[in-house]
Amino acid sequence: MNWDWLIKLFPKLKKLNLEFFKNLTFIHIGPKIKYTDKRSLKINFNKLSPKEKKTISNKLPKLLESGVDILEEKFKETADDYKEKIQSASNQKVLEYFKGKIPDNDISILKASLYLKSVFESDGETKLIKSNIVNRYGVRGRHICNLCTAGYFETWIRPAYEEMSQLSGFTLGKFLKVYEEIVEFYPFALFVHGRMSEREIKQSIEEKIKIAKKYGIKTLNIHGIGSSNLKKIRKVIDEIEIEDKFDRRVEKEGNVIVIKLTFKNSS
Amino acid sequence: MLITFHKKLAEEILKAFGKKVDTQGCLVETETSQKVLTSKGEEININEFGGITKGSQIYLKSDIVSLINFVEEDQ
């Protein structure tokens, strides 16, 4: 690539040897002066004269044509973070297992959800990722994301496939029917979000208990984040327990809570 | 080879490609005011502009799904 225009624009670059330009792989255009390492050049665009800005602007379309991506800084950082996190052994294990077993569109949702899970596990900000998934994929996106972040692809859906595939007359269609029910209703789990009132939580738990019993499922896991959620869930369970007997166990890890209910009288 | 830009300079970058931001915050062609779309046919708000990919000027949204598509097509 010919960088003469850049040297003409920034005469100071003449000090750099030819090797620098041979190895140049990264240019950042930002509002502040940043140091350069051996392979990158950071341009303080705001300090340039209108003529200098024009020179850069004129070059950008040609650079793009020659195969250079032009990316917003944060987008690039997130893309690198995604590449790293999605390559982890645990994420690849889930993706490899489900490829070809669930619809392609769900694989895309699963990838975004596994990334969200990895960001959450490294104490990163997940609100925007979750809302991106829901905006793009709707209720199905929300459900798959919830199932994935709570680990149900490994603990429920995979065992369901493995058990079913041992049966004679097994077809992928039969598994997909069960899978669709899990994605649509997840009868074994309830995800309580901060905006749910006690009344809504109670209604949802009662509904889930009915569905779980219908499917012959003996447990219901109630997921919540934060101590105020835990308080609300506990209060509601105390009320329900009078009507429907079950054992309960609370698992708490940091801010994440799972209350596991096992029905005593389930058929 | 990669060029990144600071979010504050997004409009300067777009200007270099004959694009601007309309009153609703969407990317449009400077000359015709026609909406700039992603490869999936979606409009792009300046707040979610992720960049332009090499070749035939494909404009990117910065949401996670568009980002994953970009990473996979780039690999």
# chains A, B, ... in the order shown; residues from 1 in each chain; ligands from 1

call {"tool": "closest_atom_pairs", "arguments": {"of": "chain B", "to": "chain A", "cutoff": "8 Å", "atoms": "only C-alpha atoms", "output": "CSV"}}
result
residue,atom,partner,partner_atom,distance
B:Met1,CA,A:Thr25,CA,4.3
B:Leu2,CA,A:Phe26,CA,4.9
B:Ile3,CA,A:Ile27,CA,4.7
B:Thr4,CA,A:His28,CA,4.7
B:Phe5,CA,A:Ile29,CA,4.6
B:His6,CA,A:Gly30,CA,4.8
B:Lys7,CA,A:Glu72,CA,6.1
B:Lys8,CA,A:Pro31,CA,7.7
B:Leu9,CA,A:Gly30,CA,7.0
B:Ala10,CA,A:Glu72,CA,7.5
B:Glu12,CA,A:Ser57,CA,7.9
B:Ile13,CA,A:Ser57,CA,7.0
B:Lys15,CA,A:Ser57,CA,7.7
B:Ala16,CA,A:Ser57,CA,4.7
B:Phe17,CA,A:Pro61,CA,6.5
B:Phe49,CA,A:Glu72,CA,7.5
B:Gly50,CA,A:Glu72,CA,5.2
B:Gly51,CA,A:Leu71,CA,4.1
B:Ile52,CA,A:Ile70,CA,5.2
B:Thr53,CA,A:Asp69,CA,4.7
B:Lys54,CA,A:Gly67,CA,4.8
B:Gly55,CA,A:Glu65,CA,5.0
B:Ser56,CA,A:Glu65,CA,7.1
B:Gln57,CA,A:Leu64,CA,7.5
B:Ser62,CA,A:Phe75,CA,6.1
B:Asp63,CA,A:Asn132,CA,6.0
B:Ile64,CA,A:Ile129,CA,6.1
B:Val65,CA,A:Ala112,CA,6.7
B:Leu67,CA,A:Ala79,CA,6.4
B:Ile68,CA,A:Ala79,CA,7.4
B:Val71,CA,A:Ala79,CA,6.6

call {"tool": "write_last_selection", "arguments": {"atoms": "C-alpha atoms", "output": "PDB file, in the first residue's frame"}}
result
ATOM      1  CA  MET B   1      -5.354  -3.544   7.584  1.00  0.00           C
ATOM      2  CA  LEU B   2      -8.020  -1.870   9.655  1.00  0.00           C
ATOM      3  CA  ILE B   3      -9.120   1.683  10.324  1.00  0.00           C
ATOM      4  CA  THR B   4     -11.140   2.516  13.427  1.00  0.00           C
ATOM      5  CA  PHE B   5     -12.758   5.793  14.286  1.00  0.00           C
ATOM      6  CA  HIS B   6     -14.055   7.398  17.452  1.00  0.00           C
ATOM      7  CA  LYS B   7     -17.873   7.525  17.754  1.00  0.00           C
ATOM      8  CA  LYS B   8     -17.742  11.350  17.835  1.00  0.00           C
ATOM      9  CA  LEU B   9     -16.226  11.324  14.347  1.00  0.00           C
ATOM     10  CA  ALA B  10     -18.871   9.075  12.758  1.00  0.00           C
ATOM     11  CA  GLU B  12     -16.984  12.996   9.436  1.00  0.00           C
ATOM     12  CA  ILE B  13     -16.381   9.438   8.246  1.00  0.00           C
ATOM     13  CA  LYS B  15     -19.194  12.593   4.894  1.00  0.00           C
ATOM     14  CA  ALA B  16     -16.183  11.003   3.190  1.00  0.00           C
ATOM     15  CA  PHE B  17     -18.557   8.464   1.628  1.00  0.00           C
ATOM     16  CA  PHE B  49     -23.657   2.942  13.174  1.00  0.00           C
ATOM     17  CA  GLY B  50     -20.895   0.337  13.485  1.00  0.00           C
ATOM     18  CA  GLY B  51     -18.803   1.104  10.415  1.00  0.00           C
ATOM     19  CA  ILE B  52     -18.346   0.180   6.773  1.00  0.00           C
ATOM     20  CA  THR B  53     -16.944  -3.104   5.555  1.00  0.00           C
ATOM     21  CA  LYS B  54     -14.477  -3.560   2.786  1.00  0.00           C
ATOM     22  CA  GLY B  55     -15.413  -3.933  -0.827  1.00  0.00           C
ATOM     23  CA  SER B  56     -18.738  -2.571  -1.893  1.00  0.00           C
ATOM     24  CA  GLN B  57     -19.485  -0.218   0.994  1.00  0.00           C
ATOM     25  CA  SER B  62     -23.661  -2.006  15.913  1.00  0.00           C
ATOM     26  CA  ASP B  63     -26.199  -4.285  17.661  1.00  0.00           C
ATOM     27  CA  ILE B  64     -24.961  -7.696  18.793  1.00  0.00           C
ATOM     28  CA  VAL B  65     -26.697  -9.664  16.029  1.00  0.00           C
ATOM     29  CA  LEU B  67     -21.865  -7.667  14.975  1.00  0.00           C
ATOM     30  CA  ILE B  68     -21.947 -11.486  15.043  1.00  0.00           C
ATOM     31  CA  VAL B  71     -17.509 -11.377  12.522  1.00  0.00           C
TER      32      VAL B  71
END

call {"tool": "residues_around", "arguments": {"residues": "Thr23 (chain B)", "least_positions_apart": "5", "cutoff": "12 Å", "atoms": "only C-alpha atoms", "output": "list of chain:residue names"}}
result
B:Val28, B:Ser33, B:Lys35, B:Asn45, B:Ile46

call {"tool": "residues_around", "arguments": {"residues": "region 139-148 of chain A", "least_positions_apart": "5", "cutoff": "8 Å", "atoms": "only C-alpha atoms", "output": "list of chain:residue names"}}
result
A:Asp106, A:Ile109, A:Leu110, A:Ser113, A:Leu114, A:Lys117, A:Lys130, A:Ile133, A:Val134, A:Phe153, A:Val183, A:Glu184, A:Tyr186, A:Phe191

call {"tool": "write_last_selection", "arguments": {"atoms": "all heavy atoms", "output": "CSV table (one decimal), in the first residue's frame"}}
result
chain,number,residue,atom,x,y,z
A,106,ASP,N,-32.1,-20.4,15.5
A,106,ASP,CA,-31.9,-20.5,17.0
A,106,ASP,C,-30.4,-20.6,17.3
A,106,ASP,O,-30.0,-20.2,18.4
A,106,ASP,CB,-32.6,-21.8,17.5
A,106,ASP,CG,-34.2,-21.6,17.5
A,106,ASP,OD1,-34.6,-20.5,17.1
A,106,ASP,OD2,-34.9,-22.5,18.0
A,109,ILE,N,-29.4,-17.2,17.7
A,109,ILE,CA,-29.8,-16.6,19.0
A,109,ILE,C,-28.9,-17.2,20.1
A,109,ILE,O,-28.5,-16.5,21.0
A,109,ILE,CB,-31.3,-16.9,19.3
A,109,ILE,CG1,-32.2,-16.4,18.2
A,109,ILE,CG2,-31.7,-16.3,20.6
A,109,ILE,CD1,-33.6,-16.9,18.3
A,110,LEU,N,-28.6,-18.5,19.9
A,110,LEU,CA,-27.7,-19.2,20.9
A,110,LEU,C,-26.3,-18.5,21.0
A,110,LEU,O,-25.8,-18.3,22.1
A,110,LEU,CB,-27.7,-20.7,20.6
A,110,LEU,CG,-27.1,-21.6,21.6
A,110,LEU,CD1,-27.8,-21.5,22.9
A,110,LEU,CD2,-27.1,-23.0,21.1
A,113,SER,N,-26.6,-15.4,22.8
A,113,SER,CA,-26.9,-15.6,24.2
A,113,SER,C,-25.7,-16.2,25.0
A,113,SER,O,-25.5,-15.8,26.1
A,113,SER,CB,-28.0,-16.7,24.3
A,113,SER,OG,-29.2,-16.2,23.6
A,114,LEU,N,-24.9,-17.0,24.3
A,114,LEU,CA,-23.7,-17.5,24.9
A,114,LEU,C,-22.7,-16.4,25.2
A,114,LEU,O,-22.0,-16.3,26.2
A,114,LEU,CB,-23.0,-18.6,24.0
A,114,LEU,CG,-23.7,-20.0,24.0
A,114,LEU,CD1,-23.2,-20.8,22.9
A,114,LEU,CD2,-23.6,-20.7,25.3
A,117,LYS,N,-23.9,-14.6,28.2
A,117,LYS,CA,-23.6,-15.3,29.4
A,117,LYS,C,-22.1,-15.1,29.7
A,117,LYS,O,-21.8,-14.9,30.9
A,117,LYS,CB,-23.9,-16.8,29.1
A,117,LYS,CG,-23.8,-17.7,30.3
A,117,LYS,CD,-24.1,-19.1,29.9
A,117,LYS,CE,-23.9,-20.0,31.1
A,117,LYS,NZ,-23.7,-21.4,30.7
A,130,LYS,N,-28.9,-8.0,25.9
A,130,LYS,CA,-30.2,-8.7,26.0
A,130,LYS,C,-31.2,-7.9,25.2
A,130,LYS,O,-32.0,-8.6,24.5
A,130,LYS,CB,-30.5,-8.7,27.5
A,130,LYS,CG,-31.9,-9.4,27.9
A,130,LYS,CD,-31.8,-10.9,27.9
A,130,LYS,CE,-33.1,-11.5,28.3
A,130,LYS,NZ,-33.3,-11.8,29.7
A,133,ILE,N,-31.0,-8.7,21.6
A,133,ILE,CA,-31.5,-10.0,21.2
A,133,ILE,C,-33.0,-10.0,21.2
A,133,ILE,O,-33.6,-10.5,20.2
A,133,ILE,CB,-31.0,-11.1,22.3
A,133,ILE,CG1,-29.4,-11.2,22.2
A,133,ILE,CG2,-31.6,-12.4,22.0
A,133,ILE,CD1,-28.8,-12.1,23.3
A,134,VAL,N,-33.6,-9.4,22.2
A,134,VAL,CA,-35.1,-9.4,22.2
A,134,VAL,C,-35.6,-8.5,21.1
A,134,VAL,O,-36.6,-8.9,20.4
A,134,VAL,CB,-35.6,-8.9,23.6
A,134,VAL,CG1,-37.1,-8.8,23.6
A,134,VAL,CG2,-35.1,-9.8,24.7
A,153,PHE,N,-29.5,-25.4,28.3
A,153,PHE,CA,-29.2,-26.1,27.0
A,153,PHE,C,-28.3,-27.3,27.4
A,153,PHE,O,-28.5,-28.4,26.8
A,153,PHE,CB,-28.5,-25.2,26.0
A,153,PHE,CG,-29.4,-24.5,25.1
A,153,PHE,CD1,-30.0,-23.3,25.5
A,153,PHE,CD2,-29.8,-25.0,23.9
A,153,PHE,CE1,-31.0,-22.6,24.7
A,153,PHE,CE2,-30.7,-24.4,23.1
A,153,PHE,CZ,-31.3,-23.2,23.5
A,183,VAL,N,-38.8,-24.4,24.5
A,183,VAL,CA,-38.5,-23.0,24.2
A,183,VAL,C,-39.7,-22.1,24.4
A,183,VAL,O,-39.6,-21.0,24.9
A,183,VAL,CB,-38.0,-22.8,22.7
A,183,VAL,CG1,-37.9,-21.4,22.3
A,183,VAL,CG2,-36.6,-23.5,22.6
A,184,GLU,N,-40.9,-22.7,24.1
A,184,GLU,CA,-42.1,-21.8,24.2
A,184,GLU,C,-42.6,-21.7,25.6
A,184,GLU,O,-42.9,-20.6,26.1
A,184,GLU,CB,-43.2,-22.5,23.4
A,184,GLU,CG,-44.3,-21.5,23.1
A,184,GLU,CD,-45.3,-22.0,22.0
A,184,GLU,OE1,-45.0,-22.9,21.3
A,184,GLU,OE2,-46.4,-21.5,22.0
A,186,TYR,N,-40.8,-23.3,28.6
A,186,TYR,CA,-39.9,-23.8,29.6
A,186,TYR,C,-40.6,-24.1,30.9
A,186,TYR,O,-40.4,-23.4,31.9
A,186,TYR,CB,-38.6,-22.9,29.8
A,186,TYR,CG,-38.7,-21.4,29.8
A,186,TYR,CD1,-39.0,-20.7,30.9
A,186,TYR,CD2,-38.3,-20.7,28.6
A,186,TYR,CE1,-39.0,-19.3,30.9
A,186,TYR,CE2,-38.4,-19.4,28.6
A,186,TYR,CZ,-38.7,-18.7,29.7
A,186,TYR,OH,-38.7,-17.3,29.7
A,191,PHE,N,-38.3,-17.1,35.1
A,191,PHE,CA,-37.3,-16.0,35.2
A,191,PHE,C,-38.0,-14.8,35.7
A,191,PHE,O,-38.9,-14.2,35.0
A,191,PHE,CB,-36.6,-15.8,33.9
A,191,PHE,CG,-35.9,-17.0,33.4
A,191,PHE,CD1,-36.5,-18.0,32.7
A,191,PHE,CD2,-34.5,-17.2,33.8
A,191,PHE,CE1,-35.8,-19.1,32.3
A,191,PHE,CE2,-33.8,-18.3,33.4
A,191,PHE,CZ,-34.5,-19.3,32.6

call {"tool": "select_by_dssp", "arguments": {"residues": "chain B", "states": "strand (DSSP E)", "output": "ChimeraX atom specification"}}
result
/B:2-5,19-21,27-29,49-53,58-61

call {"tool": "write_last_selection", "arguments": {"atoms": "all heavy atoms", "output": "compact mmCIF listing (two decimals), in the first residue's frame"}}
result
# COMPACT_ATOMS: atom_id res chain seq x y z
N LEU B 2 -6.75 -2.29 9.07
CA LEU B 2 -8.02 -1.87 9.65
C LEU B 2 -7.95 -0.40 10.07
O LEU B 2 -6.92 0.06 10.55
CB LEU B 2 -8.30 -2.73 10.89
CG LEU B 2 -9.51 -2.37 11.72
CD1 LEU B 2 -10.80 -2.74 10.99
CD2 LEU B 2 -9.46 -3.09 13.06
N ILE B 3 -9.03 0.31 9.83
CA ILE B 3 -9.12 1.68 10.32
C ILE B 3 -10.27 1.74 11.32
O ILE B 3 -11.36 1.23 11.04
CB ILE B 3 -9.38 2.68 9.17
CG1 ILE B 3 -8.17 2.71 8.23
CG2 ILE B 3 -9.66 4.09 9.71
CD1 ILE B 3 -8.34 3.59 7.02
N THR B 4 -10.03 2.29 12.50
CA THR B 4 -11.14 2.52 13.43
C THR B 4 -11.31 4.02 13.61
O THR B 4 -10.40 4.79 13.36
CB THR B 4 -10.88 1.87 14.81
OG1 THR B 4 -9.72 2.44 15.39
CG2 THR B 4 -10.73 0.38 14.70
N PHE B 5 -12.52 4.38 14.04
CA PHE B 5 -12.76 5.79 14.29
C PHE B 5 -13.53 5.96 15.59
O PHE B 5 -14.26 5.05 16.00
CB PHE B 5 -13.52 6.44 13.11
CG PHE B 5 -14.87 5.83 12.85
CD1 PHE B 5 -16.01 6.29 13.49
CD2 PHE B 5 -15.00 4.77 11.96
CE1 PHE B 5 -17.25 5.71 13.25
CE2 PHE B 5 -16.24 4.18 11.72
CZ PHE B 5 -17.36 4.66 12.36
N LYS B 19 -22.34 10.48 2.57
CA LYS B 19 -23.53 10.19 3.40
C LYS B 19 -23.66 11.28 4.47
O LYS B 19 -22.68 11.91 4.85
CB LYS B 19 -23.40 8.83 4.10
CG LYS B 19 -22.97 7.68 3.20
CD LYS B 19 -24.05 7.24 2.27
CE LYS B 19 -23.68 6.02 1.45
NZ LYS B 19 -22.95 6.29 0.21
N LYS B 20 -24.90 11.44 4.97
CA LYS B 20 -25.12 12.37 6.08
C LYS B 20 -26.22 11.80 6.99
O LYS B 20 -26.76 10.72 6.71
CB LYS B 20 -25.49 13.76 5.54
CG LYS B 20 -26.81 13.79 4.80
CD LYS B 20 -27.21 15.20 4.42
CE LYS B 20 -28.60 15.17 3.80
NZ LYS B 20 -29.15 16.43 3.46
N VAL B 21 -26.53 12.55 8.03
CA VAL B 21 -27.56 12.10 8.96
C VAL B 21 -28.78 12.99 8.78
O VAL B 21 -28.65 14.22 8.76
CB VAL B 21 -27.04 12.19 10.42
CG1 VAL B 21 -28.11 11.79 11.41
CG2 VAL B 21 -25.80 11.32 10.59
N LEU B 27 -29.02 7.44 8.63
CA LEU B 27 -28.01 7.66 7.59
C LEU B 27 -28.70 7.75 6.23
O LEU B 27 -29.52 6.89 5.88
CB LEU B 27 -27.04 6.47 7.56
CG LEU B 27 -25.82 6.51 8.48
CD1 LEU B 27 -26.20 6.73 9.92
CD2 LEU B 27 -24.98 5.26 8.32
N VAL B 28 -28.35 8.80 5.47
CA VAL B 28 -28.93 8.97 4.13
C VAL B 28 -27.84 9.42 3.16
O VAL B 28 -26.77 9.89 3.57
CB VAL B 28 -30.08 10.03 4.11
CG1 VAL B 28 -31.29 9.57 4.90
CG2 VAL B 28 -29.60 11.38 4.62
N GLU B 29 -28.13 9.24 1.86
CA GLU B 29 -27.23 9.74 0.81
C GLU B 29 -27.28 11.27 0.84
O GLU B 29 -28.38 11.84 0.90
CB GLU B 29 -27.70 9.26 -0.57
CG GLU B 29 -27.75 7.76 -0.76
CD GLU B 29 -26.37 7.14 -0.86
OE1 GLU B 29 -25.40 7.87 -1.12
OE2 GLU B 29 -26.28 5.92 -0.66
N PHE B 49 -24.52 3.13 14.34
CA PHE B 49 -23.66 2.94 13.17
C PHE B 49 -22.35 2.27 13.63
O PHE B 49 -21.65 2.80 14.49
CB PHE B 49 -23.39 4.31 12.53
CG PHE B 49 -22.36 4.30 11.43
CD1 PHE B 49 -22.45 3.39 10.38
CD2 PHE B 49 -21.31 5.21 11.43
CE1 PHE B 49 -21.50 3.39 9.36
CE2 PHE B 49 -20.37 5.22 10.43
CZ PHE B 49 -20.46 4.31 9.39
N GLY B 50 -22.07 1.10 13.06
CA GLY B 50 -20.90 0.34 13.48
C GLY B 50 -19.70 0.45 12.55
O GLY B 50 -18.60 0.06 12.91
N GLY B 51 -19.93 0.98 11.35
CA GLY B 51 -18.80 1.10 10.41
C GLY B 51 -19.17 0.67 9.01
O GLY B 51 -20.35 0.45 8.70
N ILE B 52 -18.13 0.56 8.18
CA ILE B 52 -18.35 0.18 6.77
C ILE B 52 -17.38 -0.95 6.47
O ILE B 52 -16.18 -0.85 6.82
CB ILE B 52 -18.06 1.38 5.82
CG1 ILE B 52 -18.71 2.66 6.37
CG2 ILE B 52 -18.55 1.10 4.41
CD1 ILE B 52 -18.20 3.93 5.70
N THR B 53 -17.88 -2.00 5.84
CA THR B 53 -16.94 -3.10 5.55
C THR B 53 -16.40 -3.00 4.15
O THR B 53 -17.00 -2.40 3.27
CB THR B 53 -17.56 -4.51 5.74
OG1 THR B 53 -18.59 -4.67 4.78
CG2 THR B 53 -18.12 -4.69 7.11
N ILE B 58 -20.51 -1.83 2.51
CA ILE B 58 -21.62 -2.40 3.27
C ILE B 58 -21.65 -1.70 4.62
O ILE B 58 -20.67 -1.73 5.37
CB ILE B 58 -21.49 -3.93 3.41
CG1 ILE B 58 -21.59 -4.57 2.03
CG2 ILE B 58 -22.56 -4.48 4.35
CD1 ILE B 58 -21.16 -5.99 1.96
N TYR B 59 -22.80 -1.05 4.91
CA TYR B 59 -22.92 -0.28 6.14
C TYR B 59 -23.42 -1.18 7.27
O TYR B 59 -24.31 -2.01 7.06
CB TYR B 59 -23.84 0.94 5.93
CG TYR B 59 -23.14 1.96 5.08
CD1 TYR B 59 -23.00 1.76 3.71
CD2 TYR B 59 -22.54 3.08 5.64
CE1 TYR B 59 -22.30 2.66 2.93
CE2 TYR B 59 -21.84 3.99 4.86
CZ TYR B 59 -21.72 3.77 3.51
OH TYR B 59 -21.02 4.65 2.73
N LEU B 60 -22.81 -1.02 8.45
CA LEU B 60 -23.08 -1.93 9.55
C LEU B 60 -23.84 -1.25 10.69
O LEU B 60 -23.57 -0.10 11.00
CB LEU B 60 -21.75 -2.42 10.14
CG LEU B 60 -20.82 -3.17 9.21
CD1 LEU B 60 -19.43 -3.22 9.82
CD2 LEU B 60 -21.35 -4.57 8.97
N LYS B 61 -24.74 -2.04 11.31
CA LYS B 61 -25.36 -1.59 12.56
C LYS B 61 -24.51 -2.18 13.68
O LYS B 61 -23.83 -3.20 13.49
CB LYS B 61 -26.79 -2.13 12.66
CG LYS B 61 -27.78 -1.34 11.84
CD LYS B 61 -29.15 -1.96 11.88
CE LYS B 61 -29.94 -1.49 13.07
NZ LYS B 61 -31.38 -1.80 12.93

call {"tool": "select_by_dssp", "arguments": {"residues": "region 34-251 of chain A", "states": "helix (DSSP H, G or I)", "output": "PyMOL selection string"}}
result
chain A and resi 45-47+50-65+73-86+89-98+104-121+127-149+152-165+172-185+198-214+227-243

call {"tool": "atom_distance", "arguments": {"atom1": "CA of Val192 (chain A)", "atom2": "CA of His223 (chain A)"}}
result
5.9 Å

call {"tool": "residues_around", "arguments": {"residues": "Lys208 (chain A)", "least_positions_apart": "3", "cutoff": "10 Å", "atoms": "only C-alpha atoms", "output": "ChimeraX atom specification"}}
result
/A:185-190,202-205,211-214,220-222
